[in-house]
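J.: Input file: coords_0.txt. Contents: compact mmCIF, C-alpha atoms.
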```
# COMPACT_ATOMS: atom_id res chain seq x y z
CA SER A 12 81.55 -126.02 -12.86
CA GLU A 13 79.49 -126.60 -9.70
CA ARG A 14 76.27 -126.45 -11.71
CA HIS A 15 77.45 -129.12 -14.15
CA GLY A 16 78.59 -131.29 -11.22
CA ALA A 17 75.20 -130.97 -9.55
CA MET A 18 73.41 -131.82 -12.80
CA ALA A 19 75.61 -134.90 -13.30
CA ALA A 20 74.94 -136.04 -9.72
CA ALA A 21 71.21 -135.58 -10.20
CA GLY A 22 71.34 -137.54 -13.46
CA THR A 23 73.21 -140.39 -11.74
CA ALA A 24 70.73 -140.45 -8.85
CA ASN A 25 67.84 -140.54 -11.30
CA ALA A 26 69.44 -143.41 -13.25
CA VAL A 27 69.88 -145.36 -9.99
CA ARG A 28 66.22 -144.80 -9.05
CA MET A 29 65.07 -146.00 -12.48
CA ALA A 30 67.30 -149.12 -12.28
CA GLU A 31 65.91 -149.88 -8.82
CA ALA A 32 62.34 -149.45 -10.07
CA ARG A 33 62.99 -151.89 -12.96
CA CYS A 34 64.53 -154.42 -10.62
CA ARG A 35 61.75 -154.07 -8.02
CA SER A 36 59.09 -154.59 -10.67
CA ALA A 37 60.86 -157.69 -12.07
CA ILE A 38 61.30 -159.15 -8.56
CA MET A 39 57.61 -158.63 -7.71
CA GLU A 40 56.66 -160.30 -10.99
CA ALA A 41 58.97 -163.28 -10.29
CA MET A 42 57.61 -163.61 -6.74
CA ALA A 43 54.05 -163.65 -8.08
CA GLU A 44 55.04 -166.47 -10.43
CA GLY A 45 56.65 -168.42 -7.55
CA GLY A 46 60.23 -168.48 -8.89
CA ASP A 47 61.81 -171.70 -10.17
CA CYS A 48 61.31 -175.23 -8.81
CA ASN A 49 63.64 -174.45 -5.88
CA GLY A 50 61.86 -171.22 -4.98
CA LYS A 51 64.72 -169.12 -6.40
CA LEU A 52 63.69 -165.80 -7.92
CA SER A 53 64.04 -166.33 -11.64
CA SER A 54 62.47 -164.88 -14.78
CA ASP A 55 63.42 -163.73 -18.26
CA ARG A 56 63.16 -160.11 -17.10
CA LEU A 57 65.54 -160.69 -14.19
CA THR A 58 67.99 -162.47 -16.51
CA GLN A 59 67.86 -159.52 -18.89
CA ILE A 60 68.48 -157.06 -16.04
CA VAL A 61 71.39 -158.98 -14.49
CA ARG A 62 73.15 -159.35 -17.84
CA LYS A 63 72.53 -155.85 -19.16
CA GLU A 64 73.16 -153.77 -16.04
CA GLY A 65 73.68 -156.01 -12.99
CA TRP A 66 71.72 -155.77 -9.76
CA PRO A 67 71.34 -152.27 -8.30
CA ALA A 68 73.45 -152.00 -5.12
CA ALA A 69 70.31 -151.77 -2.98
CA PHE A 70 69.05 -155.14 -4.31
CA ARG A 71 72.33 -157.05 -4.50
CA PRO A 72 72.21 -158.43 -0.91
CA LEU A 73 68.68 -159.78 -1.48
CA MET A 74 69.44 -161.32 -4.88
CA TRP A 75 72.69 -162.93 -3.74
CA ALA A 76 71.21 -164.26 -0.49
CA ASN A 77 68.29 -165.72 -2.45
CA CYS A 78 70.77 -168.08 -4.12
CA GLY A 79 71.43 -169.92 -0.83
CA ASN A 80 67.84 -170.47 0.25
CA ALA A 81 67.28 -173.81 -1.55
CA LEU A 82 70.33 -175.50 0.02
CA LYS A 83 69.46 -174.06 3.44
CA LYS A 84 65.93 -175.49 3.24
CA LYS A 85 67.16 -178.87 1.98
CA ALA A 86 69.77 -179.15 4.76
CA GLU A 87 67.27 -178.18 7.47
CA ASP A 88 64.39 -180.34 6.18
CA GLU A 89 66.34 -183.49 5.27
CA SER A 90 69.19 -183.55 7.79
CA GLY A 91 68.28 -181.08 10.54
CA ILE A 92 71.41 -179.05 9.78
CA THR A 93 71.27 -175.39 10.80
CA TYR A 94 73.92 -172.69 10.76
CA PRO A 95 73.85 -172.16 14.57
CA ALA A 96 74.31 -175.93 15.05
CA LEU A 97 77.31 -175.92 12.68
CA LEU A 98 78.87 -173.06 14.65
CA ALA A 99 78.24 -174.81 17.96
CA PHE A 100 79.82 -178.10 16.88
CA ARG A 101 83.25 -178.74 18.39
CA ARG A 102 85.59 -180.46 15.98
CA PRO A 103 87.73 -183.41 17.11
CA PRO A 104 91.47 -182.63 17.52
CA GLN A 105 92.50 -184.50 14.35
CA SER A 106 90.38 -182.08 12.28
CA ASN A 107 92.28 -179.02 13.49
CA THR A 108 94.22 -178.88 10.23
CA PHE A 109 91.32 -176.97 8.64
CA ILE A 110 91.12 -174.58 11.59
CA SER A 111 94.82 -173.75 11.43
CA GLU A 112 94.65 -173.21 7.66
CA ILE A 113 91.66 -170.91 8.07
CA GLU A 114 93.35 -168.93 10.85
CA ARG A 115 96.47 -168.52 8.71
CA ASP A 116 94.46 -167.14 5.78
CA LEU A 117 92.28 -164.73 7.79
CA GLY A 118 95.13 -162.23 7.99
CA ARG A 119 95.76 -162.47 4.24
CA THR A 120 92.20 -161.70 3.19
CA LEU A 121 91.71 -158.36 1.41
CA PRO A 122 93.99 -156.19 3.60
CA GLY A 123 92.79 -152.59 3.75
CA GLN A 124 89.34 -153.46 2.40
CA ARG A 125 86.49 -151.35 3.78
CA GLY A 126 83.57 -153.13 5.43
CA PRO A 127 79.87 -153.19 4.49
CA ARG A 128 79.28 -149.92 6.33
CA GLY A 129 82.58 -148.28 5.39
CA GLU A 130 84.63 -149.66 8.30
CA GLU A 131 88.40 -149.36 7.88
CA ASP A 132 90.38 -152.56 7.12
CA TYR A 133 87.34 -154.71 7.88
CA PHE A 134 88.94 -158.17 7.96
CA SER A 135 91.52 -156.97 10.47
CA SER A 136 88.71 -155.91 12.81
CA GLU A 137 87.23 -158.23 15.43
CA GLU A 138 83.83 -158.27 13.69
CA GLY A 139 85.22 -158.89 10.21
CA ARG A 140 87.58 -161.67 11.27
CA SER A 141 84.92 -163.31 13.43
CA ARG A 142 82.39 -163.38 10.59
CA LEU A 143 84.91 -164.71 8.09
CA ARG A 144 86.17 -167.35 10.55
CA ASN A 145 82.64 -168.46 11.44
CA VAL A 146 81.55 -168.89 7.81
CA LEU A 147 84.67 -170.87 6.85
CA VAL A 148 84.76 -173.07 9.97
CA ALA A 149 81.02 -173.79 9.64
CA TYR A 150 81.55 -174.89 6.04
CA SER A 151 84.44 -177.18 7.02
CA THR A 152 81.97 -178.91 9.38
CA PHE A 153 79.15 -178.92 6.82
CA ASN A 154 81.29 -180.67 4.21
CA PRO A 155 84.33 -182.40 5.78
CA THR A 156 85.30 -183.86 2.37
CA VAL A 157 86.17 -180.37 1.12
CA GLY A 158 86.78 -178.84 4.54
CA TYR A 159 88.72 -175.75 3.57
CA CYS A 160 90.66 -174.86 0.45
CA GLN A 161 92.81 -171.78 -0.06
CA SER A 162 90.90 -169.01 -1.87
CA MET A 163 87.59 -169.95 -0.23
CA ASN A 164 88.47 -167.10 2.15
CA PHE A 165 88.21 -164.63 -0.76
CA LEU A 166 84.88 -166.05 -1.91
CA ALA A 167 83.50 -165.88 1.65
CA ALA A 168 84.81 -162.32 2.05
CA ILE A 169 83.08 -161.14 -1.14
CA LEU A 170 79.79 -162.60 0.10
CA ILE A 171 80.11 -161.17 3.63
CA LEU A 172 80.88 -157.69 2.28
CA GLN A 173 77.88 -157.63 -0.07
CA ILE A 174 75.23 -159.61 1.81
CA ASP A 175 76.25 -158.24 5.24
CA GLU A 176 74.51 -161.12 7.02
CA GLU A 177 76.69 -163.95 8.24
CA GLU A 178 74.29 -166.90 7.98
CA ALA A 179 73.03 -165.87 4.52
CA ALA A 180 76.65 -165.53 3.35
CA PHE A 181 77.36 -169.06 4.63
CA TRP A 182 74.50 -170.66 2.68
CA VAL A 183 75.52 -168.87 -0.52
CA LEU A 184 79.15 -169.98 -0.02
CA ALA A 185 77.94 -173.57 0.47
CA THR A 186 75.78 -173.31 -2.66
CA VAL A 187 78.68 -172.04 -4.77
CA VAL A 188 81.10 -174.72 -3.52
CA GLU A 189 78.59 -177.60 -3.66
CA ARG A 190 76.45 -176.79 -6.68
CA ILE A 191 77.69 -173.92 -8.85
CA LEU A 192 81.43 -174.70 -8.87
CA PRO A 193 81.46 -178.39 -7.84
CA MET A 194 84.90 -179.87 -7.19
CA TYR A 195 86.61 -176.49 -7.74
CA TYR A 196 87.62 -176.34 -4.07
CA HIS A 197 88.16 -180.07 -3.54
CA ARG A 198 91.76 -181.03 -2.73
CA SER A 199 92.05 -182.60 -6.19
CA LEU A 200 90.85 -179.35 -7.88
CA LEU A 201 89.12 -181.71 -10.32
CA GLY A 202 86.29 -179.34 -11.30
CA LEU A 203 88.73 -176.46 -11.75
CA SER A 204 91.08 -178.59 -13.90
CA ILE A 205 88.19 -179.65 -16.13
CA ASP A 206 86.95 -176.10 -16.67
CA GLN A 207 90.48 -174.83 -17.36
CA ALA A 208 90.78 -177.44 -20.11
CA VAL A 209 87.41 -176.28 -21.48
CA LEU A 210 88.62 -172.66 -21.33
CA LYS A 211 91.82 -173.50 -23.19
CA ASP A 212 89.90 -175.23 -26.01
CA TYR A 213 87.47 -172.31 -26.17
CA LEU A 214 90.27 -169.74 -26.41
CA CYS A 215 92.02 -171.72 -29.14
CA ALA A 216 88.80 -171.75 -31.15
CA GLU A 217 88.01 -168.06 -30.62
CA MET A 218 91.52 -166.52 -30.45
CA PRO A 219 94.01 -168.86 -32.11
CA ALA A 220 96.71 -166.18 -32.31
CA VAL A 221 96.62 -165.74 -28.54
CA CYS A 222 96.87 -169.51 -27.99
CA LYS A 223 99.81 -169.63 -30.37
CA LYS A 224 101.53 -166.86 -28.39
CA PHE A 225 101.09 -168.82 -25.13
CA GLU A 226 102.60 -171.91 -26.77
CA GLU A 227 105.42 -169.87 -28.32
CA LEU A 228 106.36 -168.48 -24.88
CA SER A 229 105.85 -171.84 -23.10
CA CYS A 230 103.26 -170.38 -20.79
CA ASP A 231 100.07 -172.11 -19.65
CA LEU A 232 97.01 -169.91 -19.09
CA SER A 233 96.18 -171.97 -15.99
CA PHE A 234 99.09 -170.25 -14.23
CA VAL A 235 96.93 -167.10 -14.07
CA SER A 236 93.43 -168.45 -14.62
CA THR A 237 93.55 -170.56 -11.43
CA ASN A 238 93.47 -167.37 -9.39
CA TRP A 239 90.86 -165.76 -11.65
CA LEU A 240 88.44 -168.67 -11.30
CA LEU A 241 88.93 -169.65 -7.66
CA CYS A 242 88.97 -166.07 -6.34
CA ILE A 243 86.28 -164.76 -8.74
CA PHE A 244 88.81 -162.20 -10.08
CA ILE A 245 88.95 -160.37 -6.73
CA ASN A 246 92.74 -159.95 -7.03
CA SER A 247 92.69 -159.08 -10.73
CA LEU A 248 89.72 -156.83 -11.59
CA SER A 249 87.83 -153.92 -10.04
CA TRP A 250 85.05 -154.43 -7.49
CA ASP A 251 82.52 -153.34 -10.14
CA CYS A 252 83.68 -156.18 -12.40
CA VAL A 253 83.68 -158.72 -9.55
CA ASN A 254 80.16 -157.75 -8.49
CA ARG A 255 78.80 -158.00 -12.03
CA ILE A 256 80.40 -161.43 -12.54
CA MET A 257 79.05 -162.62 -9.17
CA ASP A 258 75.57 -161.27 -10.03
CA ILE A 259 75.47 -163.49 -13.12
CA LEU A 260 77.24 -166.48 -11.54
CA LEU A 261 74.71 -166.68 -8.70
CA HIS A 262 71.71 -165.95 -10.93
CA ASP A 263 72.66 -168.46 -13.65
CA GLY A 264 74.01 -171.04 -11.21
CA ASP A 265 76.80 -172.15 -13.54
CA ALA A 266 80.51 -171.46 -14.10
CA GLN A 267 80.01 -170.53 -17.77
CA ILE A 268 80.16 -166.81 -16.88
CA LEU A 269 83.55 -167.32 -15.16
CA LEU A 270 84.97 -169.03 -18.23
CA ARG A 271 83.54 -166.47 -20.64
CA ALA A 272 84.70 -163.58 -18.42
CA SER A 273 88.20 -165.11 -18.48
CA ALA A 274 88.03 -165.27 -22.27
CA ALA A 275 86.73 -161.67 -22.36
CA VAL A 276 89.68 -160.48 -20.26
CA VAL A 277 92.07 -162.21 -22.68
CA LYS A 278 90.24 -160.69 -25.68
CA LEU A 279 90.40 -157.18 -24.20
CA MET A 280 94.10 -157.65 -23.45
CA GLN A 281 95.04 -159.49 -26.64
CA ASN A 282 97.02 -156.57 -28.12
CA LYS A 283 99.22 -156.47 -25.00
CA ILE A 284 99.50 -160.28 -25.02
CA LEU A 285 100.48 -160.47 -28.69
CA ALA A 286 103.13 -157.76 -28.18
CA CYS A 287 104.96 -159.87 -25.56
CA LYS A 288 108.40 -161.15 -26.57
CA THR A 289 109.26 -163.29 -23.55
CA GLN A 290 107.51 -165.41 -20.95
CA GLU A 291 108.42 -162.77 -18.37
CA ASP A 292 106.68 -160.09 -20.48
CA LEU A 293 103.54 -162.23 -20.66
CA LEU A 294 103.46 -162.87 -16.92
CA MET A 295 103.92 -159.16 -16.21
CA VAL A 296 100.88 -158.47 -18.41
CA LEU A 297 98.63 -161.18 -16.93
CA LYS A 298 99.97 -161.24 -13.37
CA PRO A 299 101.11 -157.65 -12.72
CA LYS A 300 102.81 -156.82 -9.41
CA GLU A 301 100.11 -154.27 -8.58
CA GLY A 302 97.48 -156.99 -9.04
CA THR A 303 94.84 -155.29 -11.15
CA LEU A 304 94.86 -156.09 -14.87
CA THR A 305 95.04 -153.14 -17.24
CA LEU A 306 94.65 -152.42 -20.94
CA GLU A 307 96.97 -150.27 -23.06
CA LYS A 308 98.24 -147.09 -21.38
CA GLY A 309 97.28 -148.47 -17.97
CA LYS A 310 93.56 -148.10 -18.57
CA ALA A 311 91.40 -150.20 -16.23
CA ILE A 312 88.96 -152.80 -17.52
CA GLU A 313 85.46 -151.44 -16.84
CA ALA A 314 82.54 -153.63 -15.81
CA ASP A 315 80.19 -152.63 -18.65
CA GLN A 316 83.03 -153.11 -21.15
CA LEU A 317 83.82 -156.60 -19.83
CA ILE A 318 80.22 -157.83 -19.73
CA LYS A 319 79.55 -156.42 -23.19
CA VAL A 320 82.43 -158.48 -24.59
CA VAL A 321 81.12 -161.57 -22.76
CA PHE A 322 77.66 -161.37 -24.30
CA THR A 323 78.22 -159.65 -27.66
CA ALA A 324 81.77 -160.44 -28.82
CA LEU A 325 82.04 -164.03 -27.62
CA PRO A 326 79.64 -166.93 -28.25
CA PRO A 327 78.42 -169.22 -25.47
CA ILE A 328 80.67 -172.21 -24.85
CA PRO A 329 78.98 -174.97 -26.88
CA ASP A 330 78.06 -178.35 -25.35
CA LEU A 331 79.56 -177.42 -21.99
CA PRO A 332 78.00 -180.32 -19.99
CA GLN A 333 79.13 -182.86 -22.60
CA ARG A 334 82.66 -181.40 -22.72
CA ARG A 335 82.88 -181.55 -18.95
CA ALA A 336 81.65 -185.14 -18.87
CA LEU A 337 84.31 -186.28 -21.37
CA LEU A 338 87.08 -184.42 -19.55
CA ASP A 339 85.82 -185.61 -16.17
CA GLN A 340 86.57 -189.26 -16.95
CA SER A 341 89.93 -188.38 -18.49
CA PHE A 342 91.03 -186.36 -15.44
CA ARG A 343 89.72 -188.96 -12.98
CA ASP A 344 91.79 -191.61 -14.78
CA LYS A 345 94.92 -189.43 -14.53
CA LEU A 346 94.29 -188.69 -10.86
CA ARG A 347 93.17 -192.27 -10.16
CA PHE A 348 90.18 -190.57 -8.64
CA SER A 349 87.18 -192.81 -8.04
CA PRO A 350 83.86 -191.61 -9.46
CA HIS A 351 82.31 -193.26 -6.40
CA ILE A 352 84.47 -191.45 -3.85
CA GLN A 353 83.06 -191.84 -0.35
CA LEU A 354 81.96 -188.44 0.89
CA ALA A 355 82.38 -187.79 4.61
CA PRO A 356 78.98 -186.99 6.14
CA CYS A 357 78.29 -183.79 8.02
CA PRO A 358 78.85 -184.78 11.68
CA ILE A 359 75.72 -183.03 12.93
CA ALA A 360 73.35 -184.42 10.26
CA GLY A 361 70.34 -186.05 11.87
CA ILE A 362 71.18 -184.84 15.38
```
Take the structure in the file and give it back as structure tokens.
T.:
Amino acid sequence: SERHGAMAAAGTANAVRMAEARCRSAIMEAMAEGGDCNGKLSSDRLTQIVRKEGWPAAFRPLMWANCGNALKKKAEDESGITYPALLAFRRPPQSNTFISEIERDLGRTLPGQRGPRGEEDYFSSEEGRSRLRNVLVAYSTFNPTVGYCQSMNFLAAILILQIDEEEAAFWVLATVVERILPMYYHRSLLGLSIDQAVLKDYLCAEMPAVCKKFEELSCDLSFVSTNWLLCIFINSLSWDCVNRIMDILLHDGDAQILLRASAAVVKLMQNKILACKTQEDLLMVLKPKEGTLTLEKGKAIEADQLIKVVFTALPPIPDLPQRRALLDQSFRDKLRFSPHIQLAPCPIAGI
């Protein structure tokens, strides 16, 4: 009835106000304490909020943008690098390969997606494309060693849509690529390969029957997990799930949440996975044509459900830094990848 609908709406509005009040109070407390050593807003209360309920929509732009402030300050103070200077820099002709790759991917980025203020098909609009292009081209100048890698367009798009401020989105993108997911977007995909090996070991320890099914059907999880990790699940889960994962990723500053969210997806879908008889069945379950992953009877994976599995049904990945270090040397040997690789400097540094 109309009365019940009105009561439900009022209850939802009240819950949102209470969540905002909790978040505001925790932010004020963290600001009074000065944040962490990089000036990032951080406290036990904020960690509890981001894991239990995620940032309220009204606070998400602030909390995400806050993640990029340390790198922005370091770049400006130590090298004189600013976002306007990166945009103004004209790349030499031989570097146009990044530009052409970026231009090609602009038209493939979240077709039909509404913009920050509800605009239709935002990344087909002049404003949406311009913002996305600017952020990606500026990063290719900031770090010529990485330049541009496919799927960075999805990461940049997520940040632009939520933060709704181009420069802030750029510094968060740079922070994710440089510090939170290092070597994920490098041409070698070294960081990604290492974490996929960690994820495989973790799954075999936590869900041996699922690992056995993958082996039985000659299917490697990396065939689907590459997209999950590089695109932060944007092509596989709902926006609510993506936002909650990004909340924790940016707050914690580490890929552990991506790996545990991947394991949580597999755990939630394990009945469908174990029922597969062929490799084709398995790929249809984990890489459905419609994109979004579903549970039995086509039920969507909900954000609260996913995060609850992450933090209550699955343990943290033990000794993650040590595991990465061991795998790092092994993968570098296979790739003949020097640990002392010469990084190309930002061309405007020191100007």
J.: Tell me, as a compact mmCIF listing (two decimals) with C-alpha atoms, in the frame of the given file, which residues lie within 12 Å of Ser236 of chain A, counting only C-alpha atoms; anything in the same chain fewer than 4 positions away does not count.
T.:
```txt
# COMPACT_ATOMS: atom_id res chain seq x y z
CA LEU A 203 88.73 -176.46 -11.75
CA SER A 204 91.08 -178.59 -13.90
CA ASP A 206 86.95 -176.10 -16.67
CA GLN A 207 90.48 -174.83 -17.36
CA ALA A 208 90.78 -177.44 -20.11
CA LEU A 210 88.62 -172.66 -21.33
CA LYS A 211 91.82 -173.50 -23.19
CA CYS A 230 103.26 -170.38 -20.79
CA ASP A 231 100.07 -172.11 -19.65
CA LEU A 232 97.01 -169.91 -19.09
CA LEU A 240 88.44 -168.67 -11.30
CA LEU A 241 88.93 -169.65 -7.66
CA CYS A 242 88.97 -166.07 -6.34
CA ILE A 243 86.28 -164.76 -8.74
CA PHE A 244 88.81 -162.20 -10.08
CA ASN A 246 92.74 -159.95 -7.03
CA SER A 247 92.69 -159.08 -10.73
CA LEU A 269 83.55 -167.32 -15.16
CA LEU A 270 84.97 -169.03 -18.23
CA ARG A 271 83.54 -166.47 -20.64
CA ALA A 272 84.70 -163.58 -18.42
CA SER A 273 88.20 -165.11 -18.48
CA ALA A 274 88.03 -165.27 -22.27
CA VAL A 276 89.68 -160.48 -20.26
CA VAL A 277 92.07 -162.21 -22.68
CA LEU A 294 103.46 -162.87 -16.92
CA LEU A 297 98.63 -161.18 -16.93
CA LYS A 298 99.97 -161.24 -13.37
```
J.: By how many Å are atom CA of Ala24 of chain A and atom CA of Thr58 of chain A apart?
T.: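 Atom-to-atom, atom CA of Ala24 of chain A to atom CA of Thr58 of chain A, that is 23.5 Å.
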J.: Can you tell me how far atom CA of Ile312 of chain A sits from atom CA of Ala216 of chain A, in Å to one decimal?
T.: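 Spanning atom CA of Ile312 of chain A to atom CA of Ala216 of chain A is a straight-line distance of 23.3 Å.
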J.: What is the distance between atom CA of Leu337 of chain A and atom CA of Ala266 of chain A, in Å to one decimal?
T.: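 These two atoms are separated by 16.9 Å.
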J.: Measuring between all atoms listed in the file, which one of A:Asp344, A:Asp265, A:Glu64, A:Asp212 shows the shortest distance to Glu189 of chain A?
T.: A:Asp265
J.: In terms of the shortest atom-to-atom distance over all atoms listed in the file, which of A:Phe225, A:Trp239, A:Trp75, A:Tyr213 is closest to Phe165 of chain A?
T.: A:Trp239
J.: Taking 6 positions as the minimum chain separation for residues in the same chain, which residues sit within 12 Å of Gly118 of chain A when counting all atoms listed in the file? Answer as a short mmCIF file (atom, residue, chain, number, x, y, z; two decimals) with C-alpha atoms, in the coordinates of the input.
T.:
```cif
data_model
loop_
_atom_site.label_atom_id
_atom_site.label_comp_id
_atom_site.auth_asym_id
_atom_site.auth_seq_id
_atom_site.Cartn_x
_atom_site.Cartn_y
_atom_site.Cartn_z
CA GLU A 112 94.65 -173.21 7.66
CA GLN A 124 89.34 -153.46 2.40
CA ASP A 132 90.38 -152.56 7.12
CA TYR A 133 87.34 -154.71 7.88
CA PHE A 134 88.94 -158.17 7.96
CA SER A 135 91.52 -156.97 10.47
CA SER A 136 88.71 -155.91 12.81
CA GLU A 137 87.23 -158.23 15.43
CA GLY A 139 85.22 -158.89 10.21
CA ARG A 140 87.58 -161.67 11.27
CA SER A 141 84.92 -163.31 13.43
CA LEU A 143 84.91 -164.71 8.09
CA ARG A 144 86.17 -167.35 10.55
CA ASN A 164 88.47 -167.10 2.15
CA PHE A 165 88.21 -164.63 -0.76
CA ALA A 168 84.81 -162.32 2.05
#
```
J.: Go through A:Leu279, A:Leu82, A:Phe100, A:Leu214 and flag the residue nearest Val187 of chain A, using only C-alpha atoms for the distances.
T.: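 Distance minimum relative to Val187 of chain A lands on A:Leu82.
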